[in-house]
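Right, one structure below, let's go through it.
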Amino acid sequence: MKKIVLIALVLIFTSACHKKVTAADIPKINGYWEIEKVVFPDGTEKEYSVNQTFDYFSVTNNTGFRKKVTPQLDGSFLVNDDAEKITISEENEKFIIHYSTFLTKWKEEMYSISDEKLVLINDVKNEYHYKKTGAINVTTPDGKTAK
């Protein structure tokens with residue numbers, strides 16, 4: 001009996017932690033996101049402790065783009081011309097990001113989003129966990145910004 005109660009509490013707790021994404025949440029995707037981990041359908045995880053690139057999203061009226069950018073020590077970013085066009089639509093009470101490039105198309109569900117965290121789920125149920133980030137500024141021991 002204790003096991004059933006414990007399982008019920010775990011299910012209630014985990015479902016309560018997930019806040020449904022709404023249309024008002026969509027603008028939160030704008031900005032720089034750093035991947036923290038990928039959770040695979042079997043429960044295994046791949047952690048990313050150091051990232052050479054960030055994802056930059058720019059969305060207005062549910063359309064925009066995603067680019068890979070490389071942070072520099074002076075706080076700037078290296079950016080190329082490659083971008084994935086995106087549109088966001090609501091399907092079955094979920095918000096879906098549709099990506100397209102000249103080579104392919106795919107989509108991911110916006111599972112959760114806040115000002116600091118983003119979770120996207122692709123069609124094979126991999127969960128991509130991101131944290132909001134920004135420019136990297138490295139300071140020297142004397143308090144000056146590294147160049």
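By order of appearance in the structure tokens: chains A, B, ..., then residues from 1 within every chain, and ligands from 1 in the order shown.
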Write out as a list of chain:residue names which residues come within 9 Å of Lys125 (chain A) when counting only C-alpha atoms, dropping same-chain ones fewer than 5 positions away. A:Val39, A:Phe40, A:Pro41
How many Å separate CA of Lys107 (chain A) from CA of Phe77 (chain A)?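 So the answer is 26.2 Å.
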Interatomic distance (Å, one decimal) between CA of Asp123 (chain A) and CA of Pro71 (chain A): 29.1 Å
Enumerate as a list in words all residues of region 8-133 of chain A assigned to helix (DSSP H, G or I) by DSSP on the backbone, naming them with the chain letters and numbers the document uses.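 Residues of region 8-133 of chain A classed as helix (DSSP H, G or I): Ala8, Leu9, Val10, Leu11, Ile12, Phe13, Thr14, Ser15, Ala16, Cys17, Ala23, Ala24, Asp25, Ile26, Pro27, Lys28 and Ile29 of chain A.
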How would the residues just chosen look if you wrote them out with all heavy atoms as a short mmCIF file (atom, residue, chain, number, x, y, z; two decimals), in the first residue's frame?
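Output file again.cif is given in full below:
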data_model
loop_
_atom_site.label_atom_id
_atom_site.label_comp_id
_atom_site.auth_asym_id
_atom_site.auth_seq_id
_atom_site.Cartn_x
_atom_site.Cartn_y
_atom_site.Cartn_z
N ALA A 8 1.96 7.29 -6.57
CA ALA A 8 0.97 8.33 -6.86
C ALA A 8 1.52 9.71 -6.55
O ALA A 8 1.34 10.65 -7.33
CB ALA A 8 -0.31 8.08 -6.06
N LEU A 9 2.22 9.86 -5.44
CA LEU A 9 2.81 11.14 -5.09
C LEU A 9 3.89 11.56 -6.09
O LEU A 9 3.96 12.73 -6.47
CB LEU A 9 3.40 11.10 -3.67
CG LEU A 9 2.39 11.08 -2.53
CD1 LEU A 9 3.10 10.87 -1.20
CD2 LEU A 9 1.57 12.35 -2.52
N VAL A 10 4.71 10.61 -6.53
CA VAL A 10 5.73 10.91 -7.52
C VAL A 10 5.09 11.37 -8.82
O VAL A 10 5.52 12.35 -9.44
CB VAL A 10 6.66 9.69 -7.75
CG1 VAL A 10 7.54 9.89 -8.97
CG2 VAL A 10 7.51 9.45 -6.51
N LEU A 11 4.05 10.68 -9.27
CA LEU A 11 3.37 11.07 -10.51
C LEU A 11 2.74 12.45 -10.39
O LEU A 11 2.82 13.27 -11.31
CB LEU A 11 2.30 10.04 -10.88
CG LEU A 11 2.83 8.69 -11.37
CD1 LEU A 11 1.68 7.70 -11.56
CD2 LEU A 11 3.61 8.85 -12.65
N ILE A 12 2.13 12.74 -9.26
CA ILE A 12 1.53 14.06 -9.05
C ILE A 12 2.61 15.13 -9.04
O ILE A 12 2.47 16.17 -9.67
CB ILE A 12 0.70 14.08 -7.74
CG1 ILE A 12 -0.56 13.22 -7.90
CG2 ILE A 12 0.33 15.52 -7.36
CD1 ILE A 12 -1.28 12.95 -6.60
N PHE A 13 3.71 14.86 -8.34
CA PHE A 13 4.80 15.84 -8.25
C PHE A 13 5.42 16.12 -9.60
O PHE A 13 5.63 17.26 -9.98
CB PHE A 13 5.86 15.35 -7.27
CG PHE A 13 7.05 16.28 -7.17
CD1 PHE A 13 6.94 17.50 -6.53
CD2 PHE A 13 8.26 15.94 -7.75
CE1 PHE A 13 8.02 18.36 -6.44
CE2 PHE A 13 9.35 16.79 -7.68
CZ PHE A 13 9.22 18.00 -7.01
N THR A 14 5.70 15.07 -10.38
CA THR A 14 6.35 15.27 -11.68
C THR A 14 5.42 15.97 -12.66
O THR A 14 5.86 16.78 -13.46
CB THR A 14 6.87 13.96 -12.28
OG1 THR A 14 5.79 13.03 -12.39
CG2 THR A 14 7.99 13.38 -11.46
N SER A 15 4.14 15.67 -12.62
CA SER A 15 3.22 16.37 -13.53
C SER A 15 3.01 17.81 -13.09
O SER A 15 2.78 18.69 -13.91
CB SER A 15 1.89 15.63 -13.63
OG SER A 15 1.22 15.63 -12.39
N ALA A 16 3.11 18.09 -11.80
CA ALA A 16 2.94 19.46 -11.31
C ALA A 16 4.15 20.32 -11.67
O ALA A 16 4.03 21.54 -11.78
CB ALA A 16 2.74 19.44 -9.80
N CYS A 17 5.31 19.72 -11.88
CA CYS A 17 6.51 20.48 -12.21
C CYS A 17 6.48 21.00 -13.64
O CYS A 17 7.19 21.93 -13.97
CB CYS A 17 7.76 19.61 -12.03
SG CYS A 17 8.09 19.23 -10.31
N ALA A 23 0.73 30.64 -25.44
CA ALA A 23 1.10 31.60 -26.48
C ALA A 23 1.89 32.77 -25.88
O ALA A 23 2.80 33.30 -26.52
CB ALA A 23 -0.13 32.11 -27.20
N ALA A 24 1.58 33.14 -24.66
CA ALA A 24 2.29 34.24 -24.00
C ALA A 24 3.74 33.89 -23.70
O ALA A 24 4.57 34.79 -23.51
CB ALA A 24 1.56 34.63 -22.71
N ASP A 25 4.07 32.60 -23.65
CA ASP A 25 5.44 32.15 -23.36
C ASP A 25 6.35 32.20 -24.59
O ASP A 25 7.58 32.19 -24.44
CB ASP A 25 5.44 30.71 -22.84
CG ASP A 25 4.80 30.57 -21.48
OD1 ASP A 25 4.98 31.47 -20.64
OD2 ASP A 25 4.11 29.55 -21.25
N ILE A 26 5.80 32.25 -25.78
CA ILE A 26 6.60 32.15 -27.01
C ILE A 26 7.74 33.18 -27.07
O ILE A 26 8.86 32.81 -27.41
CB ILE A 26 5.70 32.26 -28.26
CG1 ILE A 26 4.63 31.16 -28.26
CG2 ILE A 26 6.53 32.21 -29.54
CD1 ILE A 26 5.14 29.75 -28.24
N PRO A 27 7.52 34.45 -26.73
CA PRO A 27 8.64 35.41 -26.81
C PRO A 27 9.83 35.08 -25.91
O PRO A 27 10.94 35.54 -26.16
CB PRO A 27 7.99 36.73 -26.38
CG PRO A 27 6.55 36.58 -26.70
CD PRO A 27 6.26 35.11 -26.44
N LYS A 28 9.63 34.23 -24.89
CA LYS A 28 10.74 33.86 -24.01
C LYS A 28 11.83 33.09 -24.74
O LYS A 28 12.95 32.99 -24.26
CB LYS A 28 10.23 33.01 -22.84
CG LYS A 28 9.34 33.77 -21.89
CD LYS A 28 8.80 32.86 -20.80
CE LYS A 28 7.83 33.61 -19.90
NZ LYS A 28 7.20 32.71 -18.93
N ILE A 29 11.51 32.54 -25.91
CA ILE A 29 12.51 31.76 -26.65
C ILE A 29 13.58 32.65 -27.26
O ILE A 29 14.68 32.19 -27.55
CB ILE A 29 11.85 30.88 -27.73
CG1 ILE A 29 12.81 29.75 -28.13
CG2 ILE A 29 11.39 31.70 -28.92
CD1 ILE A 29 12.18 28.66 -28.95
#
At most 12 Å is the cut-off: for each residue in region 94-139 of chain A with any atom that close to an atom of region 45-54 of chain A, write down the nearest atom pair and the distance in Å rounded to one decimal, counting only C-alpha atoms, chain first then increasing number, as CSV.
residue,atom,partner,partner_atom,distance
A:Asn126,CA,A:Glu45,CA,9.7
A:Glu127,CA,A:Glu45,CA,9.3
A:Tyr128,CA,A:Lys46,CA,9.8
A:His129,CA,A:Glu47,CA,9.6
A:Tyr130,CA,A:Phe54,CA,9.6
A:Lys131,CA,A:Phe54,CA,10.0
A:Lys132,CA,A:Phe54,CA,9.6
A:Thr133,CA,A:Phe54,CA,8.3
A:Gly134,CA,A:Phe54,CA,8.9
A:Ala135,CA,A:Phe54,CA,10.1
A:Ile136,CA,A:Phe54,CA,11.1
Residues at most 7 Å from Val21 (chain A), counting only C-alpha atoms, excluding those fewer than 4 positions away in the same chain, as a list in words?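 That gives Asp25, Phe95, Tyr111, Ser112 and Ile113 of chain A.
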Print the selection's residues with N, CA and C atoms to a file, as a JSON list (two decimals), in the first residue's frame.
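After the write, out16.json holds the following:
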[["chain", "number", "residue", "atom", "x", "y", "z"],
["A", 25, "ASP", "N", 4.07, 32.60, -23.65],
["A", 25, "ASP", "CA", 5.44, 32.15, -23.36],
["A", 25, "ASP", "C", 6.35, 32.20, -24.59],
["A", 95, "PHE", "N", 2.76, 23.58, -28.39],
["A", 95, "PHE", "CA", 3.41, 24.48, -29.33],
["A", 95, "PHE", "C", 4.59, 23.75, -29.97],
["A", 111, "TYR", "N", 8.29, 21.75, -24.88],
["A", 111, "TYR", "CA", 7.74, 21.05, -23.73],
["A", 111, "TYR", "C", 7.59, 21.97, -22.54],
["A", 112, "SER", "N", 8.60, 22.80, -22.30],
["A", 112, "SER", "CA", 8.52, 23.79, -21.22],
["A", 112, "SER", "C", 9.46, 24.94, -21.53],
["A", 113, "ILE", "N", 9.09, 26.11, -21.01],
["A", 113, "ILE", "CA", 9.93, 27.29, -21.18],
["A", 113, "ILE", "C", 9.68, 28.25, -20.03]]
So which residues touch Ser58 (chain A) within 9 Å, counting only C-alpha atoms, skipping near sequence neighbours fewer than 4 positions away, as number ranges by chain? A: 27, 29-31, 63-67
Can I get the selection written as a PDB file, in the first residue's frame, with all heavy atoms?
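File produced: out08.pdb:
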ATOM      1  N   PRO A  27       7.520  34.449 -26.729  1.00  0.00           N
ATOM      2  CA  PRO A  27       8.636  35.411 -26.810  1.00  0.00           C
ATOM      3  C   PRO A  27       9.833  35.077 -25.908  1.00  0.00           C
ATOM      4  O   PRO A  27      10.938  35.542 -26.158  1.00  0.00           O
ATOM      5  CB  PRO A  27       7.995  36.734 -26.382  1.00  0.00           C
ATOM      6  CG  PRO A  27       6.545  36.576 -26.698  1.00  0.00           C
ATOM      7  CD  PRO A  27       6.259  35.114 -26.439  1.00  0.00           C
ATOM      8  N   ILE A  29      11.511  32.539 -25.907  1.00  0.00           N
ATOM      9  CA  ILE A  29      12.509  31.762 -26.645  1.00  0.00           C
ATOM     10  C   ILE A  29      13.583  32.653 -27.255  1.00  0.00           C
ATOM     11  O   ILE A  29      14.683  32.194 -27.554  1.00  0.00           O
ATOM     12  CB  ILE A  29      11.846  30.877 -27.728  1.00  0.00           C
ATOM     13  CG1 ILE A  29      12.805  29.751 -28.127  1.00  0.00           C
ATOM     14  CG2 ILE A  29      11.391  31.697 -28.921  1.00  0.00           C
ATOM     15  CD1 ILE A  29      12.180  28.662 -28.952  1.00  0.00           C
ATOM     16  N   ASN A  30      13.304  33.936 -27.416  1.00  0.00           N
ATOM     17  CA  ASN A  30      14.279  34.845 -28.022  1.00  0.00           C
ATOM     18  C   ASN A  30      15.530  34.965 -27.165  1.00  0.00           C
ATOM     19  O   ASN A  30      15.454  35.104 -25.953  1.00  0.00           O
ATOM     20  CB  ASN A  30      13.658  36.226 -28.242  1.00  0.00           C
ATOM     21  CG  ASN A  30      12.648  36.219 -29.358  1.00  0.00           C
ATOM     22  OD1 ASN A  30      12.892  35.664 -30.418  1.00  0.00           O
ATOM     23  ND2 ASN A  30      11.499  36.813 -29.114  1.00  0.00           N
ATOM     24  N   GLY A  31      16.677  34.870 -27.822  1.00  0.00           N
ATOM     25  CA  GLY A  31      17.942  35.038 -27.125  1.00  0.00           C
ATOM     26  C   GLY A  31      18.858  33.843 -27.290  1.00  0.00           C
ATOM     27  O   GLY A  31      18.672  32.996 -28.168  1.00  0.00           O
ATOM     28  N   THR A  63       7.254  33.515 -36.209  1.00  0.00           N
ATOM     29  CA  THR A  63       8.184  33.162 -37.283  1.00  0.00           C
ATOM     30  C   THR A  63       9.546  33.782 -36.967  1.00  0.00           C
ATOM     31  O   THR A  63       9.636  34.794 -36.281  1.00  0.00           O
ATOM     32  CB  THR A  63       7.728  33.659 -38.667  1.00  0.00           C
ATOM     33  OG1 THR A  63       7.637  35.077 -38.640  1.00  0.00           O
ATOM     34  CG2 THR A  63       6.394  33.066 -39.068  1.00  0.00           C
ATOM     35  N   GLY A  64      10.588  33.153 -37.479  1.00  0.00           N
ATOM     36  CA  GLY A  64      11.923  33.688 -37.235  1.00  0.00           C
ATOM     37  C   GLY A  64      13.002  32.715 -37.673  1.00  0.00           C
ATOM     38  O   GLY A  64      12.849  32.006 -38.663  1.00  0.00           O
ATOM     39  N   PHE A  65      14.068  32.645 -36.859  1.00  0.00           N
ATOM     40  CA  PHE A  65      15.185  31.775 -37.211  1.00  0.00           C
ATOM     41  C   PHE A  65      15.917  31.322 -35.962  1.00  0.00           C
ATOM     42  O   PHE A  65      15.768  31.891 -34.883  1.00  0.00           O
ATOM     43  CB  PHE A  65      16.160  32.478 -38.161  1.00  0.00           C
ATOM     44  CG  PHE A  65      16.849  33.679 -37.564  1.00  0.00           C
ATOM     45  CD1 PHE A  65      18.052  33.547 -36.868  1.00  0.00           C
ATOM     46  CD2 PHE A  65      16.295  34.946 -37.687  1.00  0.00           C
ATOM     47  CE1 PHE A  65      18.684  34.643 -36.316  1.00  0.00           C
ATOM     48  CE2 PHE A  65      16.920  36.055 -37.133  1.00  0.00           C
ATOM     49  CZ  PHE A  65      18.116  35.904 -36.447  1.00  0.00           C
ATOM     50  N   ARG A  66      16.727  30.255 -36.148  1.00  0.00           N
ATOM     51  CA  ARG A  66      17.672  29.783 -35.125  1.00  0.00           C
ATOM     52  C   ARG A  66      19.023  29.695 -35.794  1.00  0.00           C
ATOM     53  O   ARG A  66      19.151  29.191 -36.902  1.00  0.00           O
ATOM     54  CB  ARG A  66      17.265  28.413 -34.578  1.00  0.00           C
ATOM     55  CG  ARG A  66      18.300  27.867 -33.580  1.00  0.00           C
ATOM     56  CD  ARG A  66      17.855  26.592 -32.931  1.00  0.00           C
ATOM     57  NE  ARG A  66      18.026  25.459 -33.827  1.00  0.00           N
ATOM     58  CZ  ARG A  66      17.886  24.196 -33.445  1.00  0.00           C
ATOM     59  NH1 ARG A  66      17.528  23.898 -32.212  1.00  0.00           N
ATOM     60  NH2 ARG A  66      18.061  23.210 -34.312  1.00  0.00           N
ATOM     61  N   LYS A  67      20.062  30.193 -35.087  1.00  0.00           N
ATOM     62  CA  LYS A  67      21.442  30.146 -35.576  1.00  0.00           C
ATOM     63  C   LYS A  67      22.329  29.548 -34.496  1.00  0.00           C
ATOM     64  O   LYS A  67      22.061  29.695 -33.316  1.00  0.00           O
ATOM     65  CB  LYS A  67      21.980  31.560 -35.842  1.00  0.00           C
ATOM     66  CG  LYS A  67      21.507  32.212 -37.083  1.00  0.00           C
ATOM     67  CD  LYS A  67      22.198  33.569 -37.226  1.00  0.00           C
ATOM     68  CE  LYS A  67      22.162  34.028 -38.623  1.00  0.00           C
ATOM     69  NZ  LYS A  67      23.356  33.853 -39.367  1.00  0.00           N
TER      70      LYS A  67
END
Which one of A:Ile86, A:Met110, A:Leu103, A:Ile121 sits closest to Asn61 (chain A) if you count only C-alpha atoms?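 The closest residue to Asn61 (chain A) is A:Ile86.
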From the DSSP assignment of the backbone, select every residue of region 55-132 of chain A that is strand (DSSP E or B), and format the answer as a ChimeraX atom specification. /A:55-60,63-71,74,77-79,84-91,94-100,105-113,117-122,127-132
Name all residues at most 8 Å from Tyr99 (chain A) (count only C-alpha atoms; drop same-chain ones fewer than 6 positions away) and give them as a PyMOL selection string. chain A and resi 84-87+105-107
Determine the nearest neighbour of Lys68 (chain A) from the options A:Asp42, A:Glu90, A:Glu34, A:Asp115, counting only C-alpha atoms. A:Glu34
Rounded to one decimal, what separation in Å do you get between CA of Leu120 (chain A) and CA of Leu73 (chain A)? 28.1 Å
Using only C-alpha atoms, which of the listed residues (A:Glu36, A:Glu116, A:Asp82, A:Asp74) sits closest to Ser100 (chain A)? A:Asp82
